[in-house]
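Colleague: Please find work-v1.pdb (PDB, C-alpha atoms, pLDDT in the B column) on the next line:
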```pdb
ATOM      1  CA  ARG A 114       0.000   0.000   0.000  1.00 79.00           C
ATOM      2  CA  ILE A 115       2.837   2.378   0.842  1.00 87.00           C
ATOM      3  CA  GLU A 116       4.515   1.718  -2.511  1.00 87.00           C
ATOM      4  CA  MET A 117       1.222   2.246  -4.328  1.00 87.00           C
ATOM      5  CA  LEU A 118       0.799   5.570  -2.548  1.00 87.00           C
ATOM      6  CA  ARG A 119       4.365   6.605  -3.346  1.00 86.00           C
ATOM      7  CA  SER A 120       3.847   5.753  -6.994  1.00 88.00           C
ATOM      8  CA  ARG A 121       0.622   7.734  -7.125  1.00 88.00           C
ATOM      9  CA  VAL A 122       2.194  10.766  -5.432  1.00 84.00           C
ATOM     10  CA  ALA A 123       5.178  10.675  -7.814  1.00 87.00           C
ATOM     11  CA  LYS A 124       2.815  11.111 -10.751  1.00 86.00           C
ATOM     12  CA  GLN A 125       1.293  14.323  -9.407  1.00 87.00           C
ATOM     13  CA  SER A 126       2.118  17.565 -11.221  1.00 83.00           C
ATOM     14  CA  ASN A 127       3.555  19.253  -8.127  1.00 81.00           C
ATOM     15  CA  TYR A 128       5.710  16.316  -7.036  1.00 79.00           C
ATOM     16  CA  ARG A 129       9.055  17.812  -8.054  1.00 81.00           C
ATOM     17  CA  LYS A 130       8.277  21.395  -7.108  1.00 83.00           C
ATOM     18  CA  VAL A 131      10.315  22.798  -4.230  1.00 82.00           C
ATOM     19  CA  ASP A 132       8.341  24.363  -1.398  1.00 83.00           C
ATOM     20  CA  SER A 133       9.040  27.961  -0.479  1.00 88.00           C
ATOM     21  CA  PRO A 134      11.024  28.705   2.710  1.00 89.00           C
ATOM     22  CA  GLN A 135       7.845  30.138   4.245  1.00 91.00           C
ATOM     23  CA  ALA A 136       5.853  26.984   3.466  1.00 89.00           C
ATOM     24  CA  LEU A 137       8.605  24.790   4.919  1.00 89.00           C
ATOM     25  CA  ALA A 138       8.734  26.934   8.067  1.00 91.00           C
ATOM     26  CA  GLU A 139       4.954  26.693   8.482  1.00 92.00           C
ATOM     27  CA  HIS A 140       5.176  22.932   8.045  1.00 93.00           C
ATOM     28  CA  GLU A 141       7.747  22.694  10.842  1.00 94.00           C
ATOM     29  CA  ILE A 142       5.455  24.695  13.128  1.00 94.00           C
ATOM     30  CA  MET A 143       2.549  22.389  12.285  1.00 95.00           C
ATOM     31  CA  LYS A 144       4.665  19.318  13.091  1.00 96.00           C
ATOM     32  CA  ALA A 145       5.807  20.902  16.346  1.00 96.00           C
ATOM     33  CA  LYS A 146       2.207  21.587  17.362  1.00 96.00           C
ATOM     34  CA  LEU A 147       1.150  18.014  16.639  1.00 96.00           C
ATOM     35  CA  ASP A 148       4.165  16.652  18.508  1.00 96.00           C
ATOM     36  CA  GLY A 149       3.406  18.808  21.520  1.00 97.00           C
ATOM     37  CA  PHE A 150      -0.220  17.704  21.727  1.00 96.00           C
ATOM     38  CA  LEU A 151       0.126  14.048  20.713  1.00 96.00           C
ATOM     39  CA  ASN A 152       3.518  13.135  22.211  1.00 96.00           C
ATOM     40  CA  PRO A 153       4.223  15.667  24.961  1.00 96.00           C
ATOM     41  CA  GLY A 154       6.694  13.527  26.896  1.00 96.00           C
ATOM     42  CA  GLN A 155       8.727  12.694  23.805  1.00 96.00           C
ATOM     43  CA  SER A 156       8.533  16.315  22.640  1.00 96.00           C
ATOM     44  CA  LEU A 157      10.302  17.527  25.762  1.00 96.00           C
ATOM     45  CA  ILE A 158      13.164  15.210  24.792  1.00 95.00           C
ATOM     46  CA  LYS A 159      13.057  15.839  21.052  1.00 96.00           C
ATOM     47  CA  TYR A 160      12.892  19.642  21.303  1.00 96.00           C
ATOM     48  CA  LYS A 161      15.763  20.353  23.669  1.00 95.00           C
ATOM     49  CA  GLU A 162      15.848  23.287  26.076  1.00 94.00           C
ATOM     50  CA  ASN A 163      18.830  24.834  24.307  1.00 95.00           C
ATOM     51  CA  ASP A 164      16.966  24.839  20.977  1.00 96.00           C
ATOM     52  CA  ARG A 165      15.730  28.411  20.697  1.00 95.00           C
ATOM     53  CA  SER A 166      13.977  28.023  17.357  1.00 96.00           C
ATOM     54  CA  TYR A 167      10.326  28.994  17.173  1.00 96.00           C
ATOM     55  CA  PRO A 168       9.039  25.439  16.456  1.00 97.00           C
ATOM     56  CA  ALA A 169      11.032  23.996  19.365  1.00 97.00           C
ATOM     57  CA  ARG A 170       9.770  26.555  21.866  1.00 97.00           C
ATOM     58  CA  TYR A 171       6.225  26.176  20.546  1.00 98.00           C
ATOM     59  CA  ALA A 172       6.358  22.391  20.896  1.00 97.00           C
ATOM     60  CA  ARG A 173       7.766  22.642  24.424  1.00 98.00           C
ATOM     61  CA  ALA A 174       5.101  25.159  25.444  1.00 98.00           C
ATOM     62  CA  ILE A 175       2.353  22.800  24.323  1.00 98.00           C
ATOM     63  CA  ALA A 176       4.112  19.790  25.841  1.00 98.00           C
ATOM     64  CA  TYR A 177       4.454  21.496  29.236  1.00 98.00           C
ATOM     65  CA  TYR A 178       0.769  22.447  29.013  1.00 98.00           C
ATOM     66  CA  GLN A 179      -0.172  18.848  28.278  1.00 97.00           C
ATOM     67  CA  THR A 180       2.022  17.486  31.075  1.00 97.00           C
ATOM     68  CA  LYS A 181       0.394  19.820  33.622  1.00 97.00           C
ATOM     69  CA  SER A 182       3.224  22.314  33.962  1.00 97.00           C
ATOM     70  CA  PRO A 183       1.324  25.522  33.169  1.00 97.00           C
ATOM     71  CA  ASP A 184       3.896  27.961  34.529  1.00 97.00           C
ATOM     72  CA  HIS A 185       6.605  26.534  32.257  1.00 97.00           C
ATOM     73  CA  ALA A 186       4.185  26.624  29.332  1.00 98.00           C
ATOM     74  CA  LEU A 187       3.090  30.209  29.969  1.00 98.00           C
ATOM     75  CA  ARG A 188       6.659  31.484  30.175  1.00 98.00           C
ATOM     76  CA  LEU A 189       7.377  29.998  26.762  1.00 98.00           C
ATOM     77  CA  VAL A 190       4.143  31.334  25.269  1.00 98.00           C
ATOM     78  CA  ASP A 191       4.880  34.813  26.607  1.00 98.00           C
ATOM     79  CA  GLY A 192       8.311  34.660  24.961  1.00 97.00           C
ATOM     80  CA  LEU A 193       6.730  33.693  21.658  1.00 98.00           C
ATOM     81  CA  LEU A 194       4.148  36.474  21.991  1.00 98.00           C
ATOM     82  CA  ALA A 195       6.917  39.004  22.525  1.00 97.00           C
ATOM     83  CA  GLU A 196       8.108  38.087  19.028  1.00 97.00           C
ATOM     84  CA  GLN A 197       4.672  37.632  17.428  1.00 97.00           C
ATOM     85  CA  PRO A 198       2.215  39.854  19.313  1.00 98.00           C
ATOM     86  CA  ASP A 199      -0.361  39.635  16.522  1.00 98.00           C
ATOM     87  CA  ASN A 200      -0.525  35.846  16.368  1.00 97.00           C
ATOM     88  CA  PRO A 201      -4.115  34.963  17.373  1.00 98.00           C
ATOM     89  CA  TYR A 202      -3.315  31.310  17.991  1.00 96.00           C
ATOM     90  CA  LEU A 203      -0.634  32.128  20.544  1.00 98.00           C
ATOM     91  CA  TRP A 204      -3.145  34.277  22.428  1.00 98.00           C
ATOM     92  CA  GLU A 205      -5.672  31.458  22.166  1.00 97.00           C
ATOM     93  CA  LEU A 206      -3.119  28.979  23.548  1.00 98.00           C
ATOM     94  CA  LYS A 207      -2.313  31.268  26.466  1.00 98.00           C
ATOM     95  CA  GLY A 208      -6.004  31.705  27.243  1.00 98.00           C
ATOM     96  CA  GLN A 209      -6.681  27.992  27.036  1.00 97.00           C
ATOM     97  CA  ILE A 210      -3.824  27.162  29.397  1.00 98.00           C
ATOM     98  CA  LEU A 211      -5.059  29.701  31.928  1.00 98.00           C
ATOM     99  CA  PHE A 212      -8.662  28.509  31.609  1.00 97.00           C
ATOM    100  CA  GLU A 213      -7.881  24.820  31.990  1.00 96.00           C
ATOM    101  CA  PHE A 214      -5.803  25.433  35.088  1.00 97.00           C
ATOM    102  CA  GLY A 215      -8.525  27.315  36.923  1.00 95.00           C
ATOM    103  CA  ARG A 216      -7.490  30.871  36.065  1.00 96.00           C
ATOM    104  CA  GLY A 217     -10.580  31.824  34.098  1.00 94.00           C
ATOM    105  CA  LYS A 218     -10.521  35.535  34.888  1.00 96.00           C
ATOM    106  CA  GLU A 219      -6.938  35.786  33.612  1.00 98.00           C
ATOM    107  CA  ALA A 220      -7.912  33.791  30.513  1.00 98.00           C
ATOM    108  CA  GLU A 221     -10.493  36.352  29.432  1.00 98.00           C
ATOM    109  CA  ALA A 222      -8.086  38.999  28.093  1.00 98.00           C
ATOM    110  CA  PRO A 223      -5.960  36.698  25.895  1.00 98.00           C
ATOM    111  CA  GLN A 224      -9.064  34.988  24.539  1.00 98.00           C
ATOM    112  CA  ARG A 225     -10.563  38.361  23.650  1.00 98.00           C
ATOM    113  CA  ARG A 226      -7.316  39.341  21.967  1.00 98.00           C
ATOM    114  CA  SER A 227      -7.319  36.186  19.855  1.00 98.00           C
ATOM    115  CA  VAL A 228     -10.843  36.931  18.591  1.00 98.00           C
ATOM    116  CA  ALA A 229      -9.985  40.564  17.884  1.00 98.00           C
ATOM    117  CA  LEU A 230      -7.062  39.438  15.731  1.00 98.00           C
ATOM    118  CA  LYS A 231      -9.042  36.797  13.821  1.00 97.00           C
ATOM    119  CA  PRO A 232     -12.765  37.526  14.151  1.00 96.00           C
ATOM    120  CA  ASP A 233     -13.883  35.030  11.504  1.00 95.00           C
ATOM    121  CA  ALA A 234     -12.358  32.010  13.287  1.00 96.00           C
ATOM    122  CA  ALA A 235     -15.212  30.102  14.929  1.00 96.00           C
ATOM    123  CA  LEU A 236     -12.853  28.082  17.136  1.00 96.00           C
ATOM    124  CA  LEU A 237     -11.473  31.227  18.760  1.00 97.00           C
ATOM    125  CA  ARG A 238     -14.973  32.554  19.484  1.00 97.00           C
ATOM    126  CA  ILE A 239     -15.985  29.210  20.978  1.00 98.00           C
ATOM    127  CA  ASN A 240     -12.969  29.255  23.293  1.00 97.00           C
ATOM    128  CA  LEU A 241     -13.760  32.816  24.347  1.00 98.00           C
ATOM    129  CA  ALA A 242     -17.369  31.820  24.996  1.00 98.00           C
ATOM    130  CA  GLN A 243     -16.237  28.890  27.123  1.00 97.00           C
ATOM    131  CA  THR A 244     -14.172  31.248  29.258  1.00 97.00           C
ATOM    132  CA  LEU A 245     -17.006  33.786  29.589  1.00 98.00           C
ATOM    133  CA  ILE A 246     -19.552  31.128  30.530  1.00 97.00           C
ATOM    134  CA  GLY A 247     -17.116  29.683  33.048  1.00 96.00           C
ATOM    135  CA  LEU A 248     -16.937  33.033  34.858  1.00 96.00           C
ATOM    136  CA  GLY A 249     -20.536  32.402  35.872  1.00 94.00           C
ATOM    137  CA  ASP A 250     -22.085  35.845  36.299  1.00 96.00           C
ATOM    138  CA  LYS A 251     -25.098  36.683  34.159  1.00 97.00           C
ATOM    139  CA  ALA A 252     -23.453  39.379  32.041  1.00 98.00           C
ATOM    140  CA  HIS A 253     -20.533  37.172  31.038  1.00 98.00           C
ATOM    141  CA  VAL A 254     -22.783  34.164  30.376  1.00 98.00           C
ATOM    142  CA  GLU A 255     -25.050  36.237  28.133  1.00 98.00           C
ATOM    143  CA  GLU A 256     -22.030  37.547  26.268  1.00 98.00           C
ATOM    144  CA  GLY A 257     -20.836  33.966  25.879  1.00 98.00           C
ATOM    145  CA  VAL A 258     -24.168  33.055  24.267  1.00 98.00           C
ATOM    146  CA  GLY A 259     -23.671  35.888  21.808  1.00 98.00           C
ATOM    147  CA  GLU A 260     -20.193  34.672  20.917  1.00 98.00           C
ATOM    148  CA  LEU A 261     -21.498  31.138  20.361  1.00 98.00           C
ATOM    149  CA  LYS A 262     -24.269  32.406  18.090  1.00 97.00           C
ATOM    150  CA  ARG A 263     -21.677  34.193  15.966  1.00 97.00           C
ATOM    151  CA  ALA A 264     -19.476  31.088  15.845  1.00 97.00           C
ATOM    152  CA  LEU A 265     -22.426  28.914  14.831  1.00 97.00           C
ATOM    153  CA  LEU A 266     -23.127  31.161  11.858  1.00 95.00           C
ATOM    154  CA  ASN A 267     -19.913  29.729  10.374  1.00 92.00           C
ATOM    155  CA  GLU A 268     -20.042  26.260  11.921  1.00 94.00           C
ATOM    156  CA  GLY A 269     -23.663  25.377  12.500  1.00 93.00           C
ATOM    157  CA  ASP A 270     -22.883  21.713  13.160  1.00 94.00           C
ATOM    158  CA  ASN A 271     -20.238  22.316  15.838  1.00 97.00           C
ATOM    159  CA  SER A 272     -21.340  20.046  18.677  1.00 97.00           C
ATOM    160  CA  VAL A 273     -18.956  21.655  21.188  1.00 97.00           C
ATOM    161  CA  ALA A 274     -20.538  25.058  20.571  1.00 98.00           C
ATOM    162  CA  TRP A 275     -24.028  23.618  21.024  1.00 98.00           C
ATOM    163  CA  ARG A 276     -23.001  21.845  24.230  1.00 98.00           C
ATOM    164  CA  LEU A 277     -21.627  25.105  25.617  1.00 98.00           C
ATOM    165  CA  MET A 278     -24.813  26.862  24.512  1.00 98.00           C
ATOM    166  CA  ALA A 279     -26.862  24.354  26.510  1.00 98.00           C
ATOM    167  CA  GLU A 280     -24.671  24.960  29.566  1.00 98.00           C
ATOM    168  CA  ALA A 281     -25.069  28.724  29.201  1.00 98.00           C
ATOM    169  CA  TYR A 282     -28.850  28.569  28.891  1.00 98.00           C
ATOM    170  CA  ASP A 283     -28.992  26.272  31.910  1.00 97.00           C
ATOM    171  CA  ARG A 284     -27.075  28.866  33.913  1.00 97.00           C
ATOM    172  CA  LEU A 285     -29.518  31.532  32.728  1.00 98.00           C
ATOM    173  CA  GLY A 286     -32.538  29.418  33.703  1.00 97.00           C
ATOM    174  CA  GLN A 287     -33.797  29.166  30.118  1.00 98.00           C
ATOM    175  CA  ASP A 288     -34.698  25.482  30.156  1.00 97.00           C
ATOM    176  CA  GLY A 289     -36.368  25.295  26.756  1.00 97.00           C
ATOM    177  CA  GLN A 290     -33.410  26.899  25.011  1.00 98.00           C
ATOM    178  CA  ALA A 291     -31.031  24.609  26.919  1.00 98.00           C
ATOM    179  CA  ARG A 292     -32.897  21.474  25.800  1.00 98.00           C
ATOM    180  CA  LEU A 293     -32.981  22.720  22.215  1.00 98.00           C
ATOM    181  CA  ALA A 294     -29.229  23.383  22.263  1.00 98.00           C
ATOM    182  CA  THR A 295     -28.677  19.852  23.625  1.00 98.00           C
ATOM    183  CA  ALA A 296     -30.849  18.464  20.828  1.00 97.00           C
ATOM    184  CA  GLU A 297     -28.760  20.420  18.323  1.00 98.00           C
ATOM    185  CA  ALA A 298     -25.569  19.000  19.822  1.00 98.00           C
ATOM    186  CA  TYR A 299     -26.799  15.417  19.484  1.00 96.00           C
ATOM    187  CA  PHE A 300     -28.206  16.117  16.023  1.00 96.00           C
ATOM    188  CA  SER A 301     -24.826  17.419  14.837  1.00 96.00           C
ATOM    189  CA  LEU A 302     -23.168  14.269  16.231  1.00 96.00           C
ATOM    190  CA  GLY A 303     -25.523  11.999  14.281  1.00 92.00           C
ATOM    191  CA  ALA A 304     -27.275  10.698  17.392  1.00 93.00           C
ATOM    192  CA  PRO A 305     -30.948  10.841  16.343  1.00 92.00           C
ATOM    193  CA  GLU A 306     -32.432   9.088  19.351  1.00 92.00           C
ATOM    194  CA  GLU A 307     -30.937  11.535  21.839  1.00 94.00           C
ATOM    195  CA  ALA A 308     -31.675  14.476  19.517  1.00 96.00           C
ATOM    196  CA  TYR A 309     -35.326  13.381  19.315  1.00 94.00           C
ATOM    197  CA  VAL A 310     -35.695  13.081  23.097  1.00 94.00           C
ATOM    198  CA  PHE A 311     -34.276  16.527  23.836  1.00 97.00           C
ATOM    199  CA  ALA A 312     -36.115  18.182  20.964  1.00 97.00           C
ATOM    200  CA  ARG A 313     -39.395  16.798  22.321  1.00 96.00           C
ATOM    201  CA  ARG A 314     -38.529  18.224  25.739  1.00 97.00           C
ATOM    202  CA  ALA A 315     -37.730  21.562  24.121  1.00 98.00           C
ATOM    203  CA  GLN A 316     -41.099  21.565  22.352  1.00 96.00           C
ATOM    204  CA  ASP A 317     -42.856  21.232  25.691  1.00 96.00           C
ATOM    205  CA  LEU A 318     -40.912  24.135  27.213  1.00 97.00           C
ATOM    206  CA  LEU A 319     -40.759  26.631  24.357  1.00 97.00           C
ATOM    207  CA  ALA A 320     -43.558  28.980  23.306  1.00 96.00           C
ATOM    208  CA  LYS A 321     -45.377  27.532  20.307  1.00 95.00           C
ATOM    209  CA  ASN A 322     -44.771  28.887  16.826  1.00 92.00           C
ATOM    210  CA  THR A 323     -41.582  30.708  17.813  1.00 96.00           C
ATOM    211  CA  THR A 324     -38.458  30.215  15.712  1.00 96.00           C
ATOM    212  CA  GLU A 325     -36.967  28.007  18.420  1.00 96.00           C
ATOM    213  CA  TRP A 326     -40.104  25.870  18.761  1.00 97.00           C
ATOM    214  CA  ARG A 327     -40.184  25.339  14.987  1.00 97.00           C
ATOM    215  CA  ARG A 328     -36.534  24.295  15.002  1.00 97.00           C
ATOM    216  CA  ALA A 329     -37.239  21.783  17.771  1.00 97.00           C
ATOM    217  CA  SER A 330     -40.142  20.474  15.697  1.00 96.00           C
ATOM    218  CA  ASP A 331     -37.885  20.109  12.661  1.00 95.00           C
ATOM    219  CA  ILE A 332     -35.411  18.037  14.675  1.00 96.00           C
ATOM    220  CA  VAL A 333     -38.265  15.853  15.960  1.00 95.00           C
ATOM    221  CA  LEU A 334     -39.555  15.215  12.439  1.00 92.00           C
ATOM    222  CA  VAL A 335     -36.126  14.423  11.006  1.00 91.00           C
ATOM    223  CA  SER A 336     -34.875  12.349  13.952  1.00 90.00           C
ATOM    224  CA  GLU A 337     -38.009  10.357  14.826  1.00 84.00           C
ATOM    225  CA  PRO A 338     -37.731   7.669  12.089  1.00 79.00           C
ATOM    226  CA  ALA A 339     -34.103   6.890  12.942  1.00 72.00           C
ATOM    227  CA  ALA A 340     -34.855   6.982  16.670  1.00 64.00           C
ATOM    228  CA  ARG A 341     -37.743   4.523  16.227  1.00 70.00           C
ATOM    229  CA  GLN A 342     -35.536   2.239  14.151  1.00 71.00           C
ATOM    230  CA  GLN A 343     -32.868   2.194  16.862  1.00 66.00           C
ATOM    231  CA  GLN A 344     -35.479   1.360  19.483  1.00 63.00           C
ATOM    232  CA  ARG A 345     -36.761  -1.556  17.362  1.00 64.00           C
ATOM    233  CA  LYS A 346     -33.240  -2.927  16.949  1.00 67.00           C
ATOM    234  CA  ARG A 347     -32.825  -3.036  20.727  1.00 64.00           C
ATOM    235  CA  GLY A 348     -35.984  -5.095  20.939  1.00 58.00           C
TER     236      GLY A 348
END
```
Could you take the file, read its structure, and then write that structure out as structure tokens?
Modeller:
Amino acid sequence: RIEMLRSRVAKQSNYRKVDSPQALAEHEIMKAKLDGFLNPGQSLIKYKENDRSYPARYARAIAYYQTKSPDHALRLVDGLLAEQPDNPYLWELKGQILFEFGRGKEAEAPQRRSVALKPDAALLRINLAQTLIGLGDKAHVEEGVGELKRALLNEGDNSVAWRLMAEAYDRLGQDGQARLATAEAYFSLGAPEEAYVFARRAQDLLAKNTTEWRRASDIVLVSEPAARQQQRKRG
């Protein structure tokens, strides 16, 4: 299979073209990121402390984050940000580290900065929303809902965004909206039985003939046949 793939690749029109230095540098950063997330322990060996290249420091920052050494990770990220202050993904990484290690209030500013630098990136808005919702007070939770709505305009089937939306509406005491968001999350995951159950609950809680009630009804209609079929299979 490997030889077949090699043969196929060799026949492609771009096979012998040499990548630009910028493309090669971006590739090294991508590999470093994957190494840091997927093999953090090995990355701390592979990317040595005396290697001051950007990919090495980036990989070590992520690896320290993954191995529960946030202070080490944050020092490296801050050093990278000093060189690339307009890199939204470095700000996002800093915010995520702070958030995941219980420093949600500190995470807010870097997450906001990441969105300001790349406002069309749904992932960055979702991470900001997660931080805002985690702060817990009504104003931040409502703002988090707004950020999720904007993210879902670009990624309407993002189950993480819908799950966070359900959490936010629960915090706000809007049970019908929370059940609808949960139905949307299951629907986007291809879980019709669960989507059907929560959409039915949403129907009971939402005012009839509103946009939200109609959406819940749509999910019920689409999911019911598959949900019934799954129930029959279980006997």
Colleague: I'd like the residues picked by the PyMOL selection byres ((chain A and resi 226-231) around 7) written out as a compact mmCIF listing (two decimals) with C-alpha atoms, in the coordinates of the input, using the chain letters and numbers from the file.
Modeller:
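Result file follows (part03.txt):
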```txt
# COMPACT_ATOMS: atom_id res chain seq x y z
CA ASP A 199 -0.36 39.64 16.52
CA PRO A 201 -4.12 34.96 17.37
CA TYR A 202 -3.32 31.31 17.99
CA TRP A 204 -3.14 34.28 22.43
CA GLU A 205 -5.67 31.46 22.17
CA ALA A 222 -8.09 39.00 28.09
CA PRO A 223 -5.96 36.70 25.90
CA GLN A 224 -9.06 34.99 24.54
CA ARG A 225 -10.56 38.36 23.65
CA PRO A 232 -12.76 37.53 14.15
CA ASP A 233 -13.88 35.03 11.50
CA ALA A 234 -12.36 32.01 13.29
CA LEU A 237 -11.47 31.23 18.76
CA ARG A 238 -14.97 32.55 19.48
```
Colleague: Using the chain letters and numbers from the file, which residues does the PyMOL selection byres ((chain A and resi 157) around 10) grab, as number ranges by chain?
Modeller: A: 148-149, 152-156, 158-162, 169-170, 172-177, 180
Colleague: Tell me, in Å to one decimal, how far CA of Asp164 (chain A) is from CA of Leu189 (chain A).
Modeller: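 If I compute the distance from CA of Asp164 (chain A) to CA of Leu189 (chain A), I get 12.3 Å.
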Colleague: Measure the distance from CA of Ala186 (chain A) to CA of Glu221 (chain A) in Å and round it to one decimal.
Modeller: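 Pair CA of Ala186 (chain A) / CA of Glu221 (chain A) returns 17.6 Å.
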Colleague: Might you pull out every residue within 9 Å of Arg314 (chain A), with only C-alpha atoms counted and same-chain residues fewer than 4 positions away left off, and present them as number ranges by chain?
Modeller: A: 289, 292-293, 309-310, 318-319, 329
Colleague: Please provide as a list in words all residues within 12 Å of Gly249 (chain A), with the sequence filter that same-chain residues fewer than 6 positions apart are discarded (counting only C-alpha atoms).
Modeller: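 Using only C-alpha atoms, the neighbours found are Gly217, Lys218, Ala242, Gln243, Glu255, Glu256, Gly257, Glu280, Ala281, Tyr282, Asp283, Arg284 and Leu285 of chain A.
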Colleague: Got a sec to resolve the PyMOL selection byres ((chain A and resi 258) around 12) on this structure and send the residues as a ChimeraX atom specification?
Modeller: /A:238-247,251-257,259-265,274-285,287,290-291,294
Colleague: I'd like the contact shell of Asp270 (chain A) - 8 Å cut-off, all atoms listed in the file, skipping same-chain residues fewer than 4 positions apart - returned as an mmCIF file with C-alpha atoms, in the coordinates of the input.
Modeller:
```
data_model
loop_
_atom_site.group_PDB
_atom_site.id
_atom_site.type_symbol
_atom_site.label_atom_id
_atom_site.label_comp_id
_atom_site.auth_asym_id
_atom_site.auth_seq_id
_atom_site.Cartn_x
_atom_site.Cartn_y
_atom_site.Cartn_z
ATOM 1 C CA LEU A 265 -22.426 28.914 14.831
ATOM 2 C CA GLU A 297 -28.760 20.420 18.323
ATOM 3 C CA ALA A 298 -25.569 19.000 19.822
ATOM 4 C CA SER A 301 -24.826 17.419 14.837
#
```
Colleague: Can you tell me how far CA of Ala312 (chain A) sits from CA of Leu266 (chain A), in Å to one decimal?
Modeller: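 A separation of 20.5 Å between them.
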Colleague: Residues near region 128-142 of chain A, anyone? I mean within 8 Å using all atoms listed in the file, not counting same-chain ones fewer than 3 positions away, as a PyMOL selection string.
Modeller: chain A and resi 122-125+145-146+167-168+171
Colleague: For Asp331 (chain A), which of A:Glu306, A:Phe300, A:Lys207, A:Gly215 is the closest residue, counting only C-alpha atoms?
Modeller: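 Looking at the shortest contact to Asp331 (chain A), the residue is A:Phe300.
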Colleague: Put the listed atoms of region 142-146 of chain A in a box along x, y and z with 3 Å added on every side and give me the centre and edge lengths in Å to one decimal, as JSON.
Modeller:
```
{"center_x": 4.0, "center_y": 22.0, "center_z": 14.8, "size_x": 9.6, "size_y": 11.4, "size_z": 11.1}
```
Colleague: Nearest to Leu193 (chain A) among A:Ser166, A:Gln179, A:Asn267, A:Thr295, with distances taken over all atoms listed in the file: which residue is it?
Modeller: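 That would be A:Ser166, the residue with the smallest distance to Leu193 (chain A).
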